[in-house]
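Novice: For reference, the file my_file_20.cif (mmCIF, C-alpha atoms) is included below:
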```cif
data_upload
loop_
_atom_site.label_atom_id
_atom_site.label_comp_id
_atom_site.auth_asym_id
_atom_site.auth_seq_id
_atom_site.Cartn_x
_atom_site.Cartn_y
_atom_site.Cartn_z
CA MET A 1 -102.54 85.09 25.25
CA THR A 2 -99.58 86.09 27.42
CA LEU A 3 -98.59 82.42 27.83
CA SER A 4 -98.60 81.58 24.10
CA LYS A 5 -96.31 84.42 23.02
CA PRO A 6 -93.01 83.03 24.41
CA LYS A 7 -93.90 79.67 22.86
CA ALA A 8 -94.43 81.33 19.50
CA ASP A 9 -91.12 83.21 19.91
CA SER A 10 -89.19 80.05 20.72
CA GLY A 11 -90.78 78.35 17.69
CA ALA A 12 -89.70 81.25 15.47
CA ARG A 13 -86.17 81.16 16.94
CA LEU A 14 -85.95 77.44 16.29
CA ARG A 15 -87.05 77.98 12.70
CA ILE A 16 -84.41 80.71 12.22
CA TRP A 17 -81.67 78.51 13.70
CA LEU A 18 -82.80 75.57 11.64
CA ARG A 19 -82.76 77.65 8.46
CA ARG A 20 -79.34 79.15 9.23
CA GLY A 21 -77.85 75.82 10.24
CA HIS A 22 -79.31 74.09 7.22
CA ARG A 23 -77.96 76.81 4.89
CA TRP A 24 -74.44 76.74 6.32
CA LEU A 25 -74.30 72.98 6.50
CA GLY A 26 -75.42 72.86 2.86
CA VAL A 27 -72.65 75.25 1.80
CA VAL A 28 -70.00 73.36 3.77
CA LEU A 29 -71.13 70.01 2.37
CA VAL A 30 -71.20 71.06 -1.30
CA PHE A 31 -67.58 69.99 -1.83
CA PHE A 32 -68.05 66.64 -0.11
CA VAL A 33 -71.34 65.86 -1.85
CA LEU A 34 -69.71 66.55 -5.22
CA LEU A 35 -66.68 64.45 -4.26
CA LEU A 36 -68.81 61.53 -3.07
CA ALA A 37 -71.21 61.70 -6.00
CA ILE A 38 -68.54 61.93 -8.70
CA SER A 39 -66.26 59.31 -7.15
CA GLY A 40 -69.30 57.07 -6.50
CA ILE A 41 -70.44 57.23 -10.13
CA ALA A 42 -66.87 56.59 -11.33
CA LEU A 43 -66.52 53.58 -8.98
CA ASN A 44 -69.83 52.15 -10.18
CA HIS A 45 -68.49 52.18 -13.74
CA ALA A 46 -64.81 51.52 -12.96
CA GLU A 47 -64.67 48.30 -14.96
CA ALA A 48 -66.51 49.66 -17.97
CA TRP A 49 -64.41 52.83 -18.02
CA GLY A 50 -61.17 50.89 -17.53
CA LEU A 51 -60.29 52.72 -14.30
CA ASP A 52 -59.16 49.41 -12.78
CA ARG A 53 -56.62 49.04 -15.58
CA ARG A 54 -55.38 52.63 -15.69
CA TYR A 55 -52.35 53.34 -13.54
CA LEU A 56 -51.11 56.48 -11.84
CA GLY A 57 -47.39 57.14 -12.00
CA TRP A 58 -47.03 60.25 -9.85
CA SER A 59 -44.00 59.68 -7.66
CA TRP A 60 -45.32 61.66 -4.69
CA LEU A 61 -48.56 59.65 -4.68
CA LEU A 62 -46.74 56.31 -5.01
CA ASP A 63 -44.47 57.40 -2.14
CA ALA A 64 -47.50 58.38 -0.07
CA TYR A 65 -49.00 54.93 -0.66
CA GLY A 66 -45.70 53.34 0.29
CA ILE A 67 -45.44 51.53 -3.07
CA GLU A 68 -41.83 50.54 -3.43
CA ALA A 69 -40.14 48.25 -5.90
CA PRO A 70 -38.53 45.23 -4.29
CA PRO A 71 -35.02 44.16 -5.31
CA PRO A 72 -34.88 41.78 -8.28
CA SER A 73 -35.29 38.08 -7.38
CA ALA A 74 -33.28 36.92 -10.40
CA SER A 75 -31.73 38.46 -13.50
CA PHE A 76 -30.01 36.88 -16.52
CA ALA A 77 -28.18 38.49 -19.43
CA ASP A 78 -27.23 37.18 -22.87
CA GLY A 79 -26.29 38.83 -26.16
CA GLY A 80 -26.83 42.36 -24.86
CA HIS A 81 -30.34 41.54 -23.56
CA ARG A 82 -31.53 41.04 -20.02
CA ALA A 83 -34.45 39.23 -18.36
CA THR A 84 -35.29 40.20 -14.79
CA LEU A 85 -37.87 39.01 -12.27
CA LEU A 86 -38.89 41.79 -9.92
CA GLY A 87 -41.83 41.59 -7.53
CA GLY A 88 -43.49 38.84 -9.59
CA HIS A 89 -43.20 40.87 -12.81
CA LEU A 90 -41.04 39.43 -15.57
CA TYR A 91 -39.21 42.00 -17.67
CA PHE A 92 -37.27 41.55 -20.88
CA ASP A 93 -35.16 44.63 -21.68
CA GLY A 94 -37.60 46.90 -19.86
CA VAL A 95 -40.74 45.30 -21.37
CA ASP A 96 -43.19 43.82 -18.87
CA ILE A 97 -43.93 40.39 -20.39
CA ALA A 98 -45.67 38.53 -17.56
CA ARG A 99 -47.00 38.92 -14.03
CA ASP A 100 -47.49 36.57 -11.13
CA VAL A 101 -44.24 34.76 -12.00
CA GLU A 102 -42.64 32.82 -9.14
CA ALA A 103 -39.18 31.88 -10.43
CA LEU A 104 -36.98 32.80 -13.36
CA SER A 105 -34.75 30.03 -14.67
CA GLY A 106 -32.72 31.70 -17.40
CA LEU A 107 -32.36 33.46 -20.72
CA ALA A 108 -30.94 32.34 -24.06
CA VAL A 109 -30.76 34.64 -27.07
CA LEU A 110 -30.88 33.05 -30.54
CA ASP A 111 -31.06 36.22 -32.58
CA PRO A 112 -33.70 37.23 -33.73
CA LEU A 113 -35.43 35.19 -31.01
CA ALA A 114 -34.93 34.97 -27.27
CA LEU A 115 -36.08 32.31 -24.82
CA VAL A 116 -36.96 33.42 -21.30
CA ALA A 117 -37.92 30.45 -19.12
CA THR A 118 -39.65 30.49 -15.76
CA SER A 119 -40.01 27.31 -13.76
CA ASP A 120 -43.01 26.14 -15.81
CA ARG A 121 -43.33 28.41 -18.82
CA ALA A 122 -41.19 29.37 -21.78
CA PHE A 123 -41.62 32.82 -23.29
CA ILE A 124 -40.32 33.09 -26.82
CA LEU A 125 -39.76 36.70 -27.77
CA THR A 126 -38.23 38.66 -30.58
CA THR A 127 -35.08 40.45 -29.46
CA SER A 128 -37.08 43.69 -29.72
CA GLY A 129 -39.29 42.39 -26.89
CA LYS A 130 -42.37 41.31 -28.85
CA LEU A 131 -43.99 38.12 -27.59
CA VAL A 132 -43.88 35.36 -30.19
CA GLN A 133 -45.33 32.58 -28.09
CA SER A 134 -45.79 31.47 -24.52
CA ILE A 135 -45.44 27.70 -23.97
CA ASP A 136 -46.61 25.82 -20.90
CA VAL A 137 -43.56 23.57 -20.66
CA ALA A 138 -44.80 21.89 -17.48
CA ALA A 139 -46.74 19.57 -19.78
CA GLU A 140 -43.58 18.38 -21.55
CA LEU A 141 -40.92 18.43 -18.87
CA PRO A 142 -40.66 16.12 -15.86
CA SER A 143 -40.22 18.96 -13.38
CA ALA A 144 -39.47 22.69 -13.13
CA VAL A 145 -36.97 24.22 -15.54
CA ALA A 146 -33.66 24.22 -13.67
CA ARG A 147 -31.53 26.18 -16.15
CA VAL A 148 -31.52 27.56 -19.65
CA GLY A 149 -28.79 27.68 -22.26
CA ARG A 150 -28.02 27.45 -25.95
CA ALA A 151 -25.89 25.26 -28.20
CA GLY A 152 -25.34 25.50 -31.94
CA GLY A 153 -28.34 27.68 -32.72
CA VAL A 154 -30.91 25.88 -30.55
CA ALA A 155 -32.18 26.59 -27.04
CA VAL A 156 -31.52 24.10 -24.25
CA MET A 157 -33.37 23.57 -20.98
CA GLU A 158 -32.57 21.30 -18.09
CA SER A 159 -35.39 19.70 -16.14
CA GLY A 160 -35.34 16.77 -13.74
CA GLY A 161 -31.67 16.14 -14.50
CA ARG A 162 -32.37 15.71 -18.23
CA LEU A 163 -31.67 18.02 -21.15
CA TYR A 164 -34.19 19.21 -23.72
CA ARG A 165 -33.40 21.11 -26.90
CA SER A 166 -35.56 23.19 -29.18
CA ASP A 167 -35.67 23.52 -32.95
CA PRO A 168 -34.09 26.75 -34.35
CA GLU A 169 -37.48 28.55 -34.23
CA ILE A 170 -38.10 27.37 -30.66
CA THR A 171 -41.48 25.80 -31.41
CA VAL A 172 -40.97 22.48 -29.58
CA PHE A 173 -38.62 20.93 -27.03
CA GLU A 174 -37.46 17.34 -27.25
CA PRO A 175 -35.22 15.21 -25.03
CA TRP A 176 -31.52 15.52 -25.88
CA GLU A 177 -29.85 12.36 -24.71
CA ALA A 178 -26.38 12.64 -26.21
CA ALA A 179 -25.88 16.32 -25.50
CA PRO A 180 -22.28 17.47 -25.79
CA GLN A 181 -22.09 19.25 -22.43
CA GLU A 182 -18.96 21.20 -23.38
CA ARG A 183 -20.78 22.87 -26.29
CA ILE A 184 -23.65 24.15 -24.16
CA TRP A 185 -23.52 27.70 -22.85
CA TRP A 186 -25.64 27.99 -19.69
CA SER A 187 -27.08 31.32 -18.56
CA SER A 188 -26.22 32.29 -15.02
CA ALA A 189 -27.74 34.93 -12.77
CA THR A 190 -26.06 38.32 -12.70
CA SER A 191 -27.04 41.66 -11.17
CA PRO A 192 -28.51 44.30 -13.46
CA GLY A 193 -26.69 47.64 -13.66
CA ALA A 194 -27.90 50.57 -11.58
CA ALA A 195 -29.43 52.36 -14.59
CA ASP A 196 -31.29 49.21 -15.76
CA LEU A 197 -32.52 48.56 -12.25
CA GLU A 198 -33.82 52.11 -11.89
CA VAL A 199 -35.81 51.75 -15.14
CA LEU A 200 -37.31 48.44 -13.97
CA GLN A 201 -38.19 49.76 -10.53
CA ARG A 202 -39.86 52.78 -12.09
CA LEU A 203 -41.86 50.46 -14.37
CA TYR A 204 -42.83 48.27 -11.42
CA ARG A 205 -43.98 51.21 -9.31
CA GLY A 206 -45.91 52.59 -12.28
CA ARG A 207 -48.10 49.46 -12.28
CA GLY A 208 -48.80 49.56 -8.58
CA LEU A 209 -51.64 52.04 -8.19
CA THR A 210 -54.86 52.08 -10.21
CA VAL A 211 -57.19 55.05 -10.63
CA GLU A 212 -59.94 52.86 -9.13
CA ARG A 213 -57.95 52.36 -5.93
CA VAL A 214 -57.34 56.09 -5.49
CA LEU A 215 -61.02 56.86 -6.18
CA ALA A 216 -62.13 54.24 -3.65
CA ASP A 217 -59.78 55.74 -1.05
CA LEU A 218 -61.02 59.26 -1.84
CA HIS A 219 -64.61 58.06 -1.55
CA SER A 220 -64.08 56.41 1.82
CA GLY A 221 -61.62 59.03 3.11
CA ARG A 222 -58.92 56.39 3.61
CA ILE A 223 -56.60 58.47 1.43
CA LEU A 224 -55.98 60.57 4.59
CA ALA A 225 -55.66 57.48 6.78
CA ILE A 226 -57.65 57.49 10.05
CA PHE A 227 -58.16 61.28 9.86
CA GLY A 228 -59.86 60.90 6.47
CA THR A 229 -62.10 58.08 7.69
CA LEU A 230 -63.20 60.15 10.69
CA LEU A 231 -63.73 63.17 8.43
CA MET A 232 -65.99 61.12 6.15
CA ASP A 233 -67.87 59.86 9.23
CA LEU A 234 -68.41 63.48 10.24
CA VAL A 235 -69.53 64.35 6.71
CA ALA A 236 -72.01 61.45 6.84
CA VAL A 237 -73.40 62.69 10.18
CA CYS A 238 -73.69 66.22 8.74
CA MET A 239 -75.59 64.84 5.75
CA ILE A 240 -78.02 63.10 8.11
CA VAL A 241 -78.49 66.37 10.03
CA LEU A 242 -78.93 68.27 6.75
CA SER A 243 -81.61 65.90 5.49
CA LEU A 244 -83.46 65.86 8.84
CA SER A 245 -83.34 69.65 9.22
CA GLY A 246 -84.64 69.98 5.66
CA LEU A 247 -87.46 67.57 6.44
CA ILE A 248 -88.39 69.40 9.67
CA MET A 249 -88.42 72.76 7.88
CA TRP A 250 -90.57 71.35 5.11
CA ILE A 251 -93.09 69.94 7.65
CA GLN A 252 -93.18 73.27 9.54
CA HIS A 253 -93.63 75.15 6.29
CA SER A 254 -96.46 72.85 5.19
CA ARG A 255 -98.22 73.26 8.53
CA ARG A 256 -97.99 77.04 8.33
CA GLU A 257 -99.27 77.00 4.76
CA ASN A 258 -102.19 74.77 5.75
CA GLY A 259 -103.00 77.07 8.73
CA ILE A 260 -103.07 80.13 6.45
CA VAL A 261 -105.29 78.33 3.94
CA ARG A 262 -107.69 77.29 6.72
CA ARG A 263 -107.82 80.87 8.12
CA ASN A 264 -108.56 82.22 4.62
CA GLY A 265 -111.45 79.80 4.22
CA GLY A 266 -109.69 77.57 1.72
CA GLN A 267 -108.09 80.47 -0.24
CA ARG A 268 -104.25 80.56 -0.51
CA MET B 269 -86.69 33.13 11.50
CA LEU B 270 -83.38 34.49 12.85
CA ARG B 271 -81.62 31.27 11.78
CA LEU B 272 -83.08 31.57 8.31
CA PHE B 273 -81.92 35.20 8.12
CA ILE B 274 -78.37 34.24 9.21
CA LEU B 275 -78.34 31.38 6.69
CA ILE B 276 -79.39 33.71 3.87
CA LEU B 277 -76.68 36.19 4.91
CA LEU B 278 -74.02 33.46 4.92
CA VAL B 279 -75.04 32.13 1.52
CA ALA B 280 -75.22 35.63 0.04
CA SER B 281 -71.81 36.58 1.40
CA GLY B 282 -70.17 33.32 0.32
CA PRO B 283 -68.05 34.81 -2.50
CA ALA B 284 -66.95 37.67 -0.24
CA LEU B 285 -65.98 35.30 2.56
CA ALA B 286 -63.85 33.35 0.08
CA GLY B 287 -61.51 36.33 0.25
CA PRO B 288 -58.72 37.24 -2.12
CA GLY B 289 -57.54 34.30 -4.12
CA GLY B 290 -60.85 32.46 -3.61
CA GLU B 291 -60.79 29.34 -5.74
CA ALA B 292 -58.12 30.55 -8.12
CA GLY B 293 -55.43 28.07 -9.07
CA ARG B 294 -54.33 25.39 -11.48
CA TYR B 295 -57.26 23.06 -12.05
CA MET B 296 -55.85 20.79 -14.72
CA GLU B 297 -52.44 20.16 -16.26
CA THR B 298 -52.04 20.63 -20.00
CA ASP B 299 -50.96 17.02 -20.56
CA ASP B 300 -54.03 15.75 -18.67
CA TYR B 301 -56.23 17.89 -20.87
CA LEU B 302 -54.48 16.59 -23.99
CA SER B 303 -54.77 12.99 -22.81
CA ALA B 304 -58.50 13.50 -22.29
CA ALA B 305 -58.85 14.97 -25.78
CA PHE B 306 -56.69 12.32 -27.46
CA PRO B 307 -57.12 9.12 -25.38
CA ASP B 308 -54.78 7.02 -27.58
CA GLU B 309 -51.74 9.26 -27.87
CA PRO B 310 -51.67 13.07 -28.07
CA PRO B 311 -50.16 14.20 -31.38
CA ALA B 312 -47.02 16.34 -31.45
CA PRO B 313 -47.70 20.05 -31.00
CA ARG B 314 -47.69 22.27 -34.08
CA THR B 315 -47.48 25.99 -34.55
CA LEU B 316 -49.84 28.34 -36.33
CA TRP B 317 -48.60 31.84 -37.17
CA ILE B 318 -51.15 34.53 -36.49
CA SER B 319 -50.61 37.04 -39.24
CA GLY B 320 -52.40 38.98 -41.98
CA GLU B 321 -56.16 38.44 -42.27
CA LEU B 322 -56.14 35.78 -39.57
CA ARG B 323 -54.62 38.23 -37.09
CA GLU B 324 -57.20 40.86 -38.03
CA ALA B 325 -60.03 38.33 -37.54
CA VAL B 326 -58.63 37.15 -34.18
CA GLU B 327 -58.21 40.70 -32.93
CA ARG B 328 -61.75 41.54 -34.06
CA VAL B 329 -63.06 38.69 -31.91
CA LEU B 330 -60.87 39.59 -28.93
CA GLY B 331 -61.54 43.31 -29.20
CA HIS B 332 -57.88 44.03 -28.50
CA ARG B 333 -54.41 43.35 -29.86
CA PHE B 334 -53.38 39.68 -29.83
CA ALA B 335 -50.05 39.62 -28.04
CA ALA B 336 -48.44 36.49 -29.51
CA LEU B 337 -47.18 36.03 -33.06
CA ARG B 338 -47.92 32.32 -33.11
CA VAL B 339 -49.94 29.76 -31.16
CA ARG B 340 -49.52 26.11 -30.43
CA TYR B 341 -52.11 23.49 -31.24
CA TRP B 342 -52.57 19.74 -31.34
CA HIS B 343 -54.33 18.33 -34.36
CA ASP B 344 -55.44 14.88 -35.31
CA GLY B 345 -57.96 14.33 -38.10
CA ALA B 346 -61.00 16.51 -37.58
CA LYS B 347 -60.12 17.30 -33.97
CA SER B 348 -57.91 20.14 -32.77
CA VAL B 349 -56.96 21.31 -29.31
CA TRP B 350 -56.04 24.89 -28.45
CA ILE B 351 -54.57 26.10 -25.18
CA LEU B 352 -54.94 29.85 -25.11
CA ASP B 353 -54.54 32.65 -22.59
CA GLU B 354 -56.90 35.58 -22.28
CA ILE B 355 -56.91 38.29 -19.67
CA GLY B 356 -60.06 38.45 -17.56
CA LYS B 357 -59.33 41.58 -15.58
CA GLU B 358 -55.59 41.79 -15.02
CA LEU B 359 -54.12 38.31 -15.23
CA PRO B 360 -54.40 35.69 -17.96
CA ILE B 361 -56.84 32.79 -17.71
CA THR B 362 -55.49 29.63 -19.38
CA ILE B 363 -58.27 27.92 -21.29
CA GLY B 364 -58.28 24.64 -23.18
CA VAL B 365 -60.69 24.28 -26.10
CA THR B 366 -61.23 21.09 -28.11
CA VAL B 367 -62.86 21.50 -31.51
CA ALA B 368 -64.21 18.53 -33.45
CA ASP B 369 -65.80 18.79 -36.91
CA GLY B 370 -66.07 22.57 -36.62
CA ALA B 371 -67.96 22.52 -33.31
CA ILE B 372 -66.75 22.86 -29.75
CA ASP B 373 -66.34 19.49 -28.10
CA ASN B 374 -65.07 20.71 -24.78
CA VAL B 375 -64.00 23.87 -22.91
CA ARG B 376 -61.97 23.69 -19.71
CA VAL B 377 -60.45 26.44 -17.60
CA LEU B 378 -56.98 25.03 -16.87
CA GLU B 379 -55.66 27.84 -14.72
CA PHE B 380 -57.30 30.87 -13.15
CA ARG B 381 -55.05 33.46 -11.54
CA GLU B 382 -57.32 36.28 -10.41
CA SER B 383 -59.23 36.63 -7.17
CA ARG B 384 -62.69 36.94 -8.69
CA GLY B 385 -64.59 35.23 -11.48
CA TRP B 386 -63.27 31.69 -10.97
CA GLU B 387 -66.83 30.35 -11.19
CA VAL B 388 -66.26 30.05 -14.95
CA ARG B 389 -64.38 26.82 -14.22
CA TYR B 390 -67.57 24.96 -13.36
CA PRO B 391 -69.30 22.67 -15.91
CA PHE B 392 -72.62 24.53 -15.48
CA PHE B 393 -70.89 27.34 -17.36
CA THR B 394 -68.44 25.55 -19.69
CA ASP B 395 -71.02 22.96 -20.82
CA GLN B 396 -72.92 25.76 -22.54
CA PHE B 397 -70.21 25.81 -25.21
CA VAL B 398 -70.55 22.15 -26.20
CA ASP B 399 -71.59 21.82 -29.89
CA ALA B 400 -71.36 25.59 -30.40
CA ARG B 401 -70.31 26.67 -33.88
CA LEU B 402 -69.21 29.92 -35.38
CA GLU B 403 -71.72 32.00 -37.32
CA ALA B 404 -70.70 33.85 -40.49
CA ASP B 405 -70.35 37.08 -38.47
CA GLY B 406 -67.84 35.44 -36.10
CA ARG B 407 -70.29 35.01 -33.22
CA LEU B 408 -71.33 31.77 -31.55
CA ASP B 409 -74.57 30.19 -32.77
CA ARG B 410 -75.99 30.31 -29.27
CA ARG B 411 -76.37 32.57 -26.31
CA ILE B 412 -73.96 31.98 -23.41
CA ASP B 413 -75.50 32.84 -20.05
CA GLY B 414 -73.25 34.92 -17.82
CA ILE B 415 -72.44 34.57 -14.14
CA THR B 416 -73.10 37.42 -11.75
CA GLY B 417 -69.81 38.81 -10.46
CA ALA B 418 -67.76 37.04 -13.15
CA THR B 419 -68.63 39.18 -16.17
CA LEU B 420 -65.04 39.72 -17.30
CA SER B 421 -64.11 36.04 -16.93
CA VAL B 422 -67.25 34.97 -18.81
CA GLY B 423 -66.28 37.39 -21.59
CA ALA B 424 -62.72 36.03 -21.70
CA VAL B 425 -63.81 32.37 -21.95
CA THR B 426 -66.42 33.21 -24.60
CA ARG B 427 -63.88 35.13 -26.70
CA ILE B 428 -61.37 32.29 -26.49
CA ALA B 429 -64.04 29.77 -27.55
CA ARG B 430 -64.71 31.92 -30.62
CA VAL B 431 -60.98 32.31 -31.35
CA ALA B 432 -60.46 28.53 -31.12
CA LEU B 433 -63.28 27.93 -33.61
CA LEU B 434 -61.80 30.57 -35.89
CA LEU B 435 -58.32 29.03 -35.71
CA ASP B 436 -59.71 25.55 -36.28
CA ASP B 437 -61.60 26.82 -39.30
CA THR B 438 -58.36 28.30 -40.66
CA LEU B 439 -56.63 24.99 -40.08
CA GLN B 440 -59.34 22.98 -41.85
CA THR B 441 -59.43 25.45 -44.75
CA LYS B 442 -55.66 25.25 -45.14
CA GLY B 443 -55.88 21.47 -45.03
#
```
Please, can you express the file's structure as structure tokens?
Specialist:
Amino acid sequence: MTLSKPKADSGARLRIWLRRGHRWLGVVLVFFVLLLAISGIALNHAEAWGLDRRYLGWSWLLDAYGIEAPPPSASFADGGHRATLLGGHLYFDGVDIARDVEALSGLAVLDPLALVATSDRAFILTTSGKLVQSIDVAAELPSAVARVGRAGGVAVMESGGRLYRSDPEITVFEPWEAAPQERIWWSSATSPGAADLEVLQRLYRGRGLTVERVLADLHSGRILAIFGTLLMDLVAVCMIVLSLSGLIMWIQHSRRENGIVRRNGGQR
Amino acid sequence: MLRLFILILLVASGPALAGPGGEAGRYMETDDYLSAAFPDEPPAPRTLWISGELREAVERVLGHRFAALRVRYWHDGAKSVWILDEIGKELPITIGVTVADGAIDNVRVLEFRESRGWEVRYPFFTDQFVDARLEADGRLDRRIDGITGATLSVGAVTRIARVALLLDDTLQTKG
């Protein structure tokens, strides 16, 4: 009898510590469990909810991610309009018209239409920036578009040392053998003004960070770099401890309940 | 047993190991596609303006605004070829569709630019469209089986197949 009492006391102390620890751990983890659960559900449905196509434009967040707009690779102006290639994005007067573009060859404005040509594609736009048509010119030209110009109301492109001209609506391009070179105006690269460049760089940065990416980084803790990852590791360990302590307490409670029932001859 | 387990792991992680970019790229040039569709001599390209009821019908099929005001096509007799772009997730997929006598003769993914979903380029997927026609409600007359992990690309190719049939129908109706 004297030997079993300290054992019973230590058991009771363990139960008290377990209960206290479990309670406090539960309170501390509420925030993280909510964060992980909500971000996890959102990530599971990111495509369906369009989170992978929704962009965040907060400057401080873009700065924190180190998302910076590169300088323009090429820029052409004609008739008060400008086409610029910046970080693979092709802009016409501040309208993002294509992505994943490697080289910009030139711009020719034939009001109300404009031709913006990359090395292998011709974008025909209205001067207000609406896409009329995108033509894969690689199929019709011998090599990449070298330069773009206009002459007498039609667009002109040079490819493989030969000239090609469009019809006035820029629907097709055909070889132009006897082109009067002196009548052709060729677009040449110029630098955009500081104000135009600022607008383009803001647009570029604004398409750099999706909601899905931020949610994934919140979920994994990577949003706080290595500290966040370690914090989430700690949270994961705490969750394991919480679940195990809960299980132990439940087993202890069940045993006690069963003991009481046995002592009462089957009566609770 | 361990070897079998490792083999299963390798096969299962194949798409992940392919990494960003995977099998994306230019699979076929437009002129090669046209030459295959018109073995004698590809006709000159023509332009179809997408406006009014046609635009509404196209946008209903796509489920979003159709960016271009006109599209290019190649037409000879009862056969027409359409080279159209549709965004899978973020970047456009360039798809060639040949329509003959109101049914799809051939679908080819000419260029795929995204890092995932390029499996739609394979014949096991594109062959499902052969002989497909448009129902009165604008849907295909058959079920197109999807590909796990390429849901958006499968959707894009299917929509473009429907749009090509719709445009061909407009062309034939116009004469």
Novice: Applied to this file, what does the PyMOL selection byres ((chain B) within 6 of (chain A)) return in terms of residues, put as a ChimeraX atom specification?
Specialist: /B:298-299,336-338
Novice: Of the candidates A:Leu215, A:Val156, A:Leu244, A:Leu18, which shows the shortest atom-to-atom distance to A:Ala114, using all atoms listed in the file?
Specialist: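 So, comparing all the options, the nearest one is A:Val156.
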Novice: Please determine an axis-aligned box that encloses all atoms of stretch 212-221 of chain A listed in the file, with 4 Å added on each side, and express its centre and edge lengths in Å to one decimal as lines of an AutoDock Vina configuration file.
Specialist:
```
center_x = -61.0
center_y = 55.8
center_z = -3.0
size_x = 15.3
size_y = 14.9
size_z = 20.2
```
Novice: Quick one: residues within 12 Å of A:Leu231, all atoms listed in the file counted, chain neighbours fewer than 4 positions away excluded, as a ChimeraX atom specification?
Specialist: /A:29,32,218-227,235-238
Novice: Excluding same-chain residues fewer than 6 positions from A:Ala189, what lies within 10 Å of it counting all atoms listed in the file, as a compact mmCIF listing (two decimals) with C-alpha atoms, keeping the file's coordinate frame?
Specialist:
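To be explicit, this is the file written out as selection04.txt:
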```
# COMPACT_ATOMS: atom_id res chain seq x y z
CA SER A 73 -35.29 38.08 -7.38
CA ALA A 74 -33.28 36.92 -10.40
CA SER A 75 -31.73 38.46 -13.50
CA PHE A 76 -30.01 36.88 -16.52
CA ALA A 77 -28.18 38.49 -19.43
CA ALA A 83 -34.45 39.23 -18.36
CA THR A 84 -35.29 40.20 -14.79
CA LEU A 104 -36.98 32.80 -13.36
CA SER A 105 -34.75 30.03 -14.67
CA GLY A 106 -32.72 31.70 -17.40
CA LEU A 107 -32.36 33.46 -20.72
```
Novice: One number please: atom CA of A:Leu200 to atom CA of A:Val95, in Å, one decimal.
Specialist: 8.7 Å
Novice: Could you state the separation of atom CA of B:Gln396 and atom CA of B:Tyr341 in Å, given to one decimal place?
Specialist: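 Computing it gives 22.7 Å between the two atoms.
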Novice: Here is a test: counting all atoms listed in the file, which residue of A:Ile170, A:Ala46, A:Ala69, A:Ala146 is nearest to A:Ser188?
Specialist: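 Nearest to A:Ser188: A:Ala146.
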Novice: Find the distance between atom CA of A:Ala48 and atom CA of B:Leu420 and write it in Å to one decimal.
Specialist: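 Those two atoms sit 10.1 Å apart.
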Novice: Counting all atoms listed in the file, which residue out of A:Ala216, A:Ile260, A:Ala42, A:Leu110 sits closest to A:Asp167?
Specialist: A:Leu110
Novice: Would you mind telling me which residue in B:Ile361, B:Ala400, B:Val349, B:Val388 lies nearest to B:Ala432 when using only C-alpha atoms?
Specialist: B:Val349
Novice: Here's the selection I'm unsure about, the PyMOL selection byres ((chain B and resi 371) around 9); applied to the file above, which residues does it give, as JSON, numbers by chain?
Specialist: {"B": [366, 367, 368, 369, 370, 372, 373, 398, 399, 400, 401, 402, 433]}
Novice: For this structure, which residues satisfy the selection - the PyMOL selection byres ((chain B and resi 292) around 10) - when it is evaluated on the file as given? I want them as a PyMOL selection string.
Specialist: chain B and resi 288-291+293-295+361+379-387+389
Novice: For the selection just defined, write its residues with C-alpha atoms to a file, as a PDB file, in the frame of the given file.
Specialist:
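After the write, result.pdb holds the following:
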```pdb
ATOM      1  CA  PRO B 288     -58.720  37.240  -2.120  1.00  0.00           C
ATOM      2  CA  GLY B 289     -57.540  34.300  -4.120  1.00  0.00           C
ATOM      3  CA  GLY B 290     -60.850  32.460  -3.610  1.00  0.00           C
ATOM      4  CA  GLU B 291     -60.790  29.340  -5.740  1.00  0.00           C
ATOM      5  CA  GLY B 293     -55.430  28.070  -9.070  1.00  0.00           C
ATOM      6  CA  ARG B 294     -54.330  25.390 -11.480  1.00  0.00           C
ATOM      7  CA  TYR B 295     -57.260  23.060 -12.050  1.00  0.00           C
ATOM      8  CA  ILE B 361     -56.840  32.790 -17.710  1.00  0.00           C
ATOM      9  CA  GLU B 379     -55.660  27.840 -14.720  1.00  0.00           C
ATOM     10  CA  PHE B 380     -57.300  30.870 -13.150  1.00  0.00           C
ATOM     11  CA  ARG B 381     -55.050  33.460 -11.540  1.00  0.00           C
ATOM     12  CA  GLU B 382     -57.320  36.280 -10.410  1.00  0.00           C
ATOM     13  CA  SER B 383     -59.230  36.630  -7.170  1.00  0.00           C
ATOM     14  CA  ARG B 384     -62.690  36.940  -8.690  1.00  0.00           C
ATOM     15  CA  GLY B 385     -64.590  35.230 -11.480  1.00  0.00           C
ATOM     16  CA  TRP B 386     -63.270  31.690 -10.970  1.00  0.00           C
ATOM     17  CA  GLU B 387     -66.830  30.350 -11.190  1.00  0.00           C
ATOM     18  CA  ARG B 389     -64.380  26.820 -14.220  1.00  0.00           C
TER      19      ARG B 389
END
```
Novice: Would you mind telling me which residue in B:Asp436, B:Asp344, B:Gly406, B:Gly417 lies nearest to B:Leu330 when using all atoms listed in the file?
Specialist: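 Distance minimum relative to B:Leu330 lands on B:Gly406.
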Novice: Quick one: of B:Leu439, B:Leu434, B:Leu302, B:Leu316, who's nearest to B:Gly364, counting all atoms listed in the file?
Specialist: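 Smallest separation from B:Gly364 among the options: B:Leu302.
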Novice: Fewer than 5 positions away in the same chain doesn't count, so skip those; otherwise give me all residues within 9 Å of B:Thr426, counting only C-alpha atoms, as a compact mmCIF listing (two decimals) with C-alpha atoms, in the frame of the given file.
Specialist:
```txt
# COMPACT_ATOMS: atom_id res chain seq x y z
CA PHE B 397 -70.21 25.81 -25.21
CA LEU B 408 -71.33 31.77 -31.55
CA ILE B 412 -73.96 31.98 -23.41
CA SER B 421 -64.11 36.04 -16.93
CA VAL B 431 -60.98 32.31 -31.35
```
